[in-house]
Structure formats: structure tokens, C-alpha cells
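This report refers to the structure that appears directly beneath it.
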Amino acid sequence: MLVCVVSDIHANLPALRSVLASVGPFDALWQLGDIVGYGPQPDEVVAALREADAGGVRGNHDAAALGAIDSRDFNRDARAAVRWTARQLGQAARTWLEALPERTMTGDFTLVHGSPRDPVWEYVHTGPVAQANLAAFETPHCLVGHTHTPLIFRQRRDGVETLQPTDGARLTLDERRTILNPGSVGQPRDGDPRASVMLLDTEQHVVEWRRVEYPIAETQDLMRDAGLPAWLIERLARGL
Ligand code: ZN
């Protein structure tokens with residue numbers, strides 16, 4: 001089975017559309033949360049995921065937009081975007097988001113937004129944090145988002161090896177446990193503004209990371225029209 005794995009779409013429909021068109025036919029779409037928040041098209045992104053029959057989990061921004069967690073822990077711009085998003089979400093999108101779990105398992109993979117021990121808030125961004133989380137899931141591998149950076153953490157005898165996969169990078173999965181991050185579709189933060197996506201071949205046990213150009217200005221124009229914070233608009237062009 002070929003699985004397209006996406007995360008942190010953040011209501012950026014032009015980015016999601018470009019990713020889905022670029023990766024070509026796949027058998028399943030898995031998403032790792034933060035479907036909404038920051039971006040200008042929350043309802044449309046939820047509709048696209050429903051149409052693609054996406055499986056997956058909710059993130060902190062999804063939970064905040066639903067009022068399920070307090071947005072006081074967000075920075076000012078993120079909080080403004082959460083409030084805007086909460087006003088935009090229609091009932092159909094809200095119902096679909098509310099049904100998403102914080103954690104799910106499928107085959108060899110556990111899916112969470114943040115980390116397996118704290119699916120809502122924790123960032124798995126360093127070797128020590130990854131190591132502390134390696135025992136917190138039951139499957140051989142765990143897929144996470146939240147950092148907006150493509151990352152590989154792989155168990156080794158004396159700890160964890162950390163890799164930052166670039167466009168076209170491939171990893172063959174073996175008996176070593178891993179925590180894998182596809183990077184962000186809708187708001188990359190690794191200095192590369194292109195959308196990031198991961199393709200997972202569950203028969204060949206191969207994972208591939210790809211970067212995809214999308215019409216950034218289109219998203220930015222929609223954000224301006226919506227009155228979303230200037231920094232959230234600017235950062236898309238810089239991948240920060
Ligand atoms: Zn996010």
C-alpha cells in the first residue's frame with residue numbers, strides 16, 4: 001500500500017492541492033493534525049480531506065479552534081488565527097474534526113500530532129526528546145508532526161540518530177524503531193517554503209520525503225482578505 005502522509009496543513013488549500021496533485025495516485029491519505037489554524041481556508045481543507053477519506057489525528061490548533069483546549073497557551077498571532085478559524089468553521093467541518101482521535105494505530109504505525117507521550121503539546125525536535133518517546137508507543141514506528149520540519153529519529157544501540165531528510169530523501173525501515181515527521185504542508189519552518197510530504201510504501205518498507213512548489217501568493221492574498229496577522233502571511237514566503 002502506498003500512503004501519502006501529510007501534517008500541519010493549517011488551512012492552506014493551495015498547498016494541499018499541489019501536494020495531492022504532485023505525488024500522484026496513492027492508496028491512502030494519513031494526516032497528523034493541525035488541519036486548521038493560521039491559514040485562510042479551514043472549511044475547504046476539511047472538505048478536501050473528507051473527500052479523500054483521510055485517516056489521522058487532531059492537533060493542538062484543531063483542538064483550540066473547536067474550543068476543546070484553551071488557546072491562552074498560544075502566541076498572539078496564533079491565538080488571533082484560532083479565534084478567526086473558530087468563527088469560520090461550519091458545522092460539517094466541526095463535526096468531522098471533533099471525531100478525530102489524539103492517537104491512532106494502523107499496521108506498523110502509531111499516528112500522533114505532537115509526541116506519543118504527549119500527543120497535543122510536545123515537540124519531538126531533538127534526539128533526547130525522541131529517545132524519551134521511543135518507549136511510549138507500541139508499534140515499530142511512530143509518525144509525528146507539530147515541528148513543521150521533516151525529521152527522522154532512529155533507534156541505535158547508544159541512543160538515537162537524527163536525520164533531516166531533504167527533497168527526494170529515502171529511508172528503508174528495518175527492525176530499528178523510528179519516529180518520522182513528514183514536515184508541514186501549509187507552513188514549512190525549515191527555511192524551504194515548499195510544501196513538505198512523505199510517501200510511505202508499506203510493502204517495500206520505504207519512506208520518501210518530497211517538497212512541492214505551490215502558489216504561495218494565492219494563499220497570502222486570501223489571508224490578507226481575511227485580515228489574518230501580517231507575520232503569518234509573510235512567513236509562508238520564507239519558510240520560517
Ligand atoms: Zn502546526
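By convention here, the chains of the C-alpha cells are called A, B, ... in the order presented, each chain's residues are numbered starting at 1, and ligands are numbered starting at 1 in the order presented.
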Query raised in the report: Hey, which residues come within 7 Å of ligand 1 if we count only C-alpha atoms and all ligand atoms? Could you give them as a ChimeraX atom specification?
Result: /A:8,10,34,61,146-148
Write the residues of the selection above to a file with N, CA, C and O atoms, as a PDB file, in the first residue's frame.
ATOM      1  N   ASP A   8       0.227  19.256   9.477  1.00  0.00           N
ATOM      2  CA  ASP A   8       0.278  20.721   9.595  1.00  0.00           C
ATOM      3  C   ASP A   8      -0.093  21.414   8.284  1.00  0.00           C
ATOM      4  O   ASP A   8       0.672  22.215   7.765  1.00  0.00           O
ATOM      5  N   HIS A  10      -2.704  23.373   8.063  1.00  0.00           N
ATOM      6  CA  HIS A  10      -3.010  24.733   8.525  1.00  0.00           C
ATOM      7  C   HIS A  10      -3.851  25.539   7.538  1.00  0.00           C
ATOM      8  O   HIS A  10      -3.519  26.693   7.214  1.00  0.00           O
ATOM      9  N   ASP A  34      -3.256  19.505  13.057  1.00  0.00           N
ATOM     10  CA  ASP A  34      -3.172  20.906  12.667  1.00  0.00           C
ATOM     11  C   ASP A  34      -3.628  21.084  11.218  1.00  0.00           C
ATOM     12  O   ASP A  34      -2.925  21.629  10.367  1.00  0.00           O
ATOM     13  N   HIS A  61      -3.928  22.994  17.239  1.00  0.00           N
ATOM     14  CA  HIS A  61      -4.705  24.073  16.617  1.00  0.00           C
ATOM     15  C   HIS A  61      -6.147  23.639  16.315  1.00  0.00           C
ATOM     16  O   HIS A  61      -7.067  24.458  16.416  1.00  0.00           O
ATOM     17  N   HIS A 146       3.797  18.619  14.034  1.00  0.00           N
ATOM     18  CA  HIS A 146       3.910  19.643  15.078  1.00  0.00           C
ATOM     19  C   HIS A 146       5.149  20.536  14.933  1.00  0.00           C
ATOM     20  O   HIS A 146       5.071  21.719  15.213  1.00  0.00           O
ATOM     21  N   THR A 147       6.320  19.994  14.556  1.00  0.00           N
ATOM     22  CA  THR A 147       7.521  20.837  14.460  1.00  0.00           C
ATOM     23  C   THR A 147       7.584  21.595  13.138  1.00  0.00           C
ATOM     24  O   THR A 147       8.361  22.528  13.012  1.00  0.00           O
ATOM     25  N   HIS A 148       6.799  21.155  12.143  1.00  0.00           N
ATOM     26  CA  HIS A 148       6.846  21.766  10.805  1.00  0.00           C
ATOM     27  C   HIS A 148       8.203  21.567  10.133  1.00  0.00           C
ATOM     28  O   HIS A 148       8.615  22.376   9.308  1.00  0.00           O
TER      29      HIS A 148
END
Query raised in the report: Could you pull the residues within 12 Å of A:Thr95, counting only C-alpha atoms, minus those fewer than 4 positions along the same chain, as a list in words?
Result: Asp43, Val46, Ala47, Arg50, Asp62, Leu66, Leu89, Gly90, Gln91, Ala99 and Leu100 of chain A
Requested in this report: Mind listing the alpha helix (DSSP H) residues of stretch 123-226 of chain A, per DSSP on the backbone, as a ChimeraX atom specification?
Outcome: /A:127-133,216-226
Requested in this report: Find the residue from A:Asp53, A:Glu44, A:Asp174, A:Glu122 that sits nearest to A:Val207; use only C-alpha atoms when measuring.
Outcome: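 The shortest atom-to-atom distance to A:Val207 comes from A:Asp174.
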Query raised in the report: Which residue, A:Ala21, A:Val5, A:Leu32, A:Ala130, has the smallest gap to A:Leu111 when you use only C-alpha atoms?
Result: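 Using only C-alpha atoms, the shortest distance to A:Leu111 belongs to A:Leu32.
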Requested in this report: Would you list the contacts of stretch 156-163 of chain A as a ChimeraX atom specification, taking every protein, DNA or RNA residue within 10 Å and counting only C-alpha atoms, but skipping same-chain residues closer than 3 positions in sequence?
Outcome: /A:125-132,134,150-153,166,176-180
Based on the selection just made, write N, CA, C and O atoms of those residues as a PDB file, in the first residue's frame.
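Final output, part_16.pdb:
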ATOM      1  N   HIS A 125      11.776  17.279  18.660  1.00  0.00           N
ATOM      2  CA  HIS A 125      12.679  18.048  17.783  1.00  0.00           C
ATOM      3  C   HIS A 125      14.152  17.764  18.060  1.00  0.00           C
ATOM      4  O   HIS A 125      15.017  18.276  17.364  1.00  0.00           O
ATOM      5  N   THR A 126      14.442  16.972  19.089  1.00  0.00           N
ATOM      6  CA  THR A 126      15.849  16.644  19.384  1.00  0.00           C
ATOM      7  C   THR A 126      15.977  15.156  19.684  1.00  0.00           C
ATOM      8  O   THR A 126      14.992  14.491  20.047  1.00  0.00           O
ATOM      9  N   GLY A 127      17.215  14.666  19.568  1.00  0.00           N
ATOM     10  CA  GLY A 127      17.478  13.262  19.864  1.00  0.00           C
ATOM     11  C   GLY A 127      17.031  12.843  21.257  1.00  0.00           C
ATOM     12  O   GLY A 127      16.361  11.817  21.408  1.00  0.00           O
ATOM     13  N   PRO A 128      17.396  13.620  22.299  1.00  0.00           N
ATOM     14  CA  PRO A 128      16.974  13.232  23.656  1.00  0.00           C
ATOM     15  C   PRO A 128      15.453  13.154  23.829  1.00  0.00           C
ATOM     16  O   PRO A 128      14.947  12.233  24.486  1.00  0.00           O
ATOM     17  N   VAL A 129      14.727  14.098  23.235  1.00  0.00           N
ATOM     18  CA  VAL A 129      13.257  14.036  23.341  1.00  0.00           C
ATOM     19  C   VAL A 129      12.737  12.809  22.593  1.00  0.00           C
ATOM     20  O   VAL A 129      11.843  12.098  23.074  1.00  0.00           O
ATOM     21  N   ALA A 130      13.324  12.536  21.418  1.00  0.00           N
ATOM     22  CA  ALA A 130      12.910  11.356  20.655  1.00  0.00           C
ATOM     23  C   ALA A 130      13.180  10.090  21.456  1.00  0.00           C
ATOM     24  O   ALA A 130      12.338   9.191  21.526  1.00  0.00           O
ATOM     25  N   GLN A 131      14.350  10.038  22.070  1.00  0.00           N
ATOM     26  CA  GLN A 131      14.711   8.848  22.836  1.00  0.00           C
ATOM     27  C   GLN A 131      13.726   8.614  23.985  1.00  0.00           C
ATOM     28  O   GLN A 131      13.314   7.483  24.245  1.00  0.00           O
ATOM     29  N   ALA A 132      13.360   9.709  24.648  1.00  0.00           N
ATOM     30  CA  ALA A 132      12.413   9.590  25.756  1.00  0.00           C
ATOM     31  C   ALA A 132      11.047   9.111  25.276  1.00  0.00           C
ATOM     32  O   ALA A 132      10.262   8.584  26.054  1.00  0.00           O
ATOM     33  N   LEU A 134      10.640   6.965  22.547  1.00  0.00           N
ATOM     34  CA  LEU A 134      10.701   5.712  21.775  1.00  0.00           C
ATOM     35  C   LEU A 134       9.956   4.565  22.455  1.00  0.00           C
ATOM     36  O   LEU A 134       9.467   3.655  21.791  1.00  0.00           O
ATOM     37  N   PRO A 150      10.747  18.363   8.436  1.00  0.00           N
ATOM     38  CA  PRO A 150      10.898  16.936   8.161  1.00  0.00           C
ATOM     39  C   PRO A 150      12.040  16.343   8.986  1.00  0.00           C
ATOM     40  O   PRO A 150      13.148  16.904   9.015  1.00  0.00           O
ATOM     41  N   LEU A 151      11.783  15.243   9.683  1.00  0.00           N
ATOM     42  CA  LEU A 151      12.785  14.687  10.594  1.00  0.00           C
ATOM     43  C   LEU A 151      12.694  13.166  10.645  1.00  0.00           C
ATOM     44  O   LEU A 151      11.616  12.586  10.511  1.00  0.00           O
ATOM     45  N   ILE A 152      13.853  12.555  10.864  1.00  0.00           N
ATOM     46  CA  ILE A 152      13.940  11.110  11.122  1.00  0.00           C
ATOM     47  C   ILE A 152      14.672  10.928  12.450  1.00  0.00           C
ATOM     48  O   ILE A 152      15.772  11.472  12.628  1.00  0.00           O
ATOM     49  N   PHE A 153      14.065  10.166  13.358  1.00  0.00           N
ATOM     50  CA  PHE A 153      14.774   9.728  14.568  1.00  0.00           C
ATOM     51  C   PHE A 153      14.778   8.209  14.540  1.00  0.00           C
ATOM     52  O   PHE A 153      13.715   7.590  14.443  1.00  0.00           O
ATOM     53  N   THR A 166      15.941  15.735   3.055  1.00  0.00           N
ATOM     54  CA  THR A 166      15.673  16.781   2.069  1.00  0.00           C
ATOM     55  C   THR A 166      14.824  16.189   0.946  1.00  0.00           C
ATOM     56  O   THR A 166      14.492  15.012   0.957  1.00  0.00           O
ATOM     57  N   ARG A 176      14.965  -1.427  13.480  1.00  0.00           N
ATOM     58  CA  ARG A 176      15.178  -0.285  14.386  1.00  0.00           C
ATOM     59  C   ARG A 176      13.910   0.570  14.472  1.00  0.00           C
ATOM     60  O   ARG A 176      13.316   0.902  13.441  1.00  0.00           O
ATOM     61  N   ARG A 177      13.529   0.953  15.678  1.00  0.00           N
ATOM     62  CA  ARG A 177      12.339   1.785  15.865  1.00  0.00           C
ATOM     63  C   ARG A 177      12.603   3.196  15.352  1.00  0.00           C
ATOM     64  O   ARG A 177      13.736   3.696  15.449  1.00  0.00           O
ATOM     65  N   THR A 178      11.592   3.827  14.789  1.00  0.00           N
ATOM     66  CA  THR A 178      11.765   5.196  14.295  1.00  0.00           C
ATOM     67  C   THR A 178      10.601   6.085  14.715  1.00  0.00           C
ATOM     68  O   THR A 178       9.500   5.609  14.983  1.00  0.00           O
ATOM     69  N   ILE A 179      10.896   7.383  14.760  1.00  0.00           N
ATOM     70  CA  ILE A 179       9.866   8.424  14.830  1.00  0.00           C
ATOM     71  C   ILE A 179      10.093   9.291  13.592  1.00  0.00           C
ATOM     72  O   ILE A 179      11.199   9.821  13.390  1.00  0.00           O
ATOM     73  N   LEU A 180       9.070   9.398  12.744  1.00  0.00           N
ATOM     74  CA  LEU A 180       9.221  10.065  11.448  1.00  0.00           C
ATOM     75  C   LEU A 180       8.281  11.259  11.348  1.00  0.00           C
ATOM     76  O   LEU A 180       7.118  11.176  11.750  1.00  0.00           O
TER      77      LEU A 180
END
**Report entry** Between atom CA of A:Glu175 and atom CA of A:Pro116, distance in Å (one decimal)
**Finding:**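 Between atom CA of A:Glu175 and atom CA of A:Pro116 the gap is 19.0 Å.
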**Report entry** Between atom CA of A:Glu98 and atom CA of A:Gly67 - distance in Å to one decimal
**Finding:**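 Those two atoms sit 10.2 Å apart.
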Query raised in the report: Which neighbours of A:Gln204 fall inside 10 Å, counting only C-alpha atoms, when residues of the same chain fewer than 6 positions from it are skipped, and could you give them as a PyMOL selection string?
Result: chain A and resi 1-2+172-173
Query raised in the report: For A:Val124, which of A:Ala169, A:Ala52, A:Leu16, A:Val144 is the closest residue, counting only C-alpha atoms?
Result: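 Among A:Ala169, A:Ala52, A:Leu16, A:Val144, it is A:Val144 that comes nearest to A:Val124.
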Report task. Using only C-alpha atoms, find the one residue out of A:Thr202, A:Thr85, A:Thr219, A:Ser196 that sits nearest to A:Pro14. Result ->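 Of all the options, A:Thr219 lies closest to A:Pro14.
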Could you find all residues in stretch 71-146 of chain A that DSSP calls strand (DSSP E) from the backbone, and write them as a CSV table (one decimal) with C-alpha atoms, in the first residue's frame?
chain,number,residue,atom,x,y,z
A,103,ARG,CA,-3.8,9.0,18.7
A,104,THR,CA,-4.4,6.1,16.3
A,105,MET,CA,-2.7,3.0,15.2
A,106,THR,CA,-2.6,1.4,11.8
A,109,PHE,CA,2.5,2.8,12.7
A,110,THR,CA,1.2,5.0,15.5
A,111,LEU,CA,0.0,8.4,14.4
A,112,VAL,CA,0.0,11.4,16.7
A,141,HIS,CA,7.2,3.1,14.1
A,142,CYS,CA,5.6,6.4,15.0
A,143,LEU,CA,4.5,9.3,12.8
Query raised in the report: How many Å lie between atom CA of A:Val19 and atom CA of A:Pro215, rounded to one decimal?
Result: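 Computed distance, atom CA of A:Val19 to atom CA of A:Pro215, equals 11.3 Å.
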**Report entry** Residue with smallest distance to A:Arg83 - pool A:Val3, A:Leu228, A:Glu213, A:Ile233, counting only C-alpha atoms
**Finding:** A:Leu228
**Report entry** Residue neighbourhood A:Asp190, 8 Å, only C-alpha atoms, exclusion window fewer than 4 positions, as a ChimeraX atom specification
**Finding:** /A:148-149,239-240
Report summary line: The residue from A:Pro119, A:Pro165, A:Gly39, A:Pro140 with the smallest atom-to-atom distance to A:Glu234, counting only C-alpha atoms, is A:Gly39
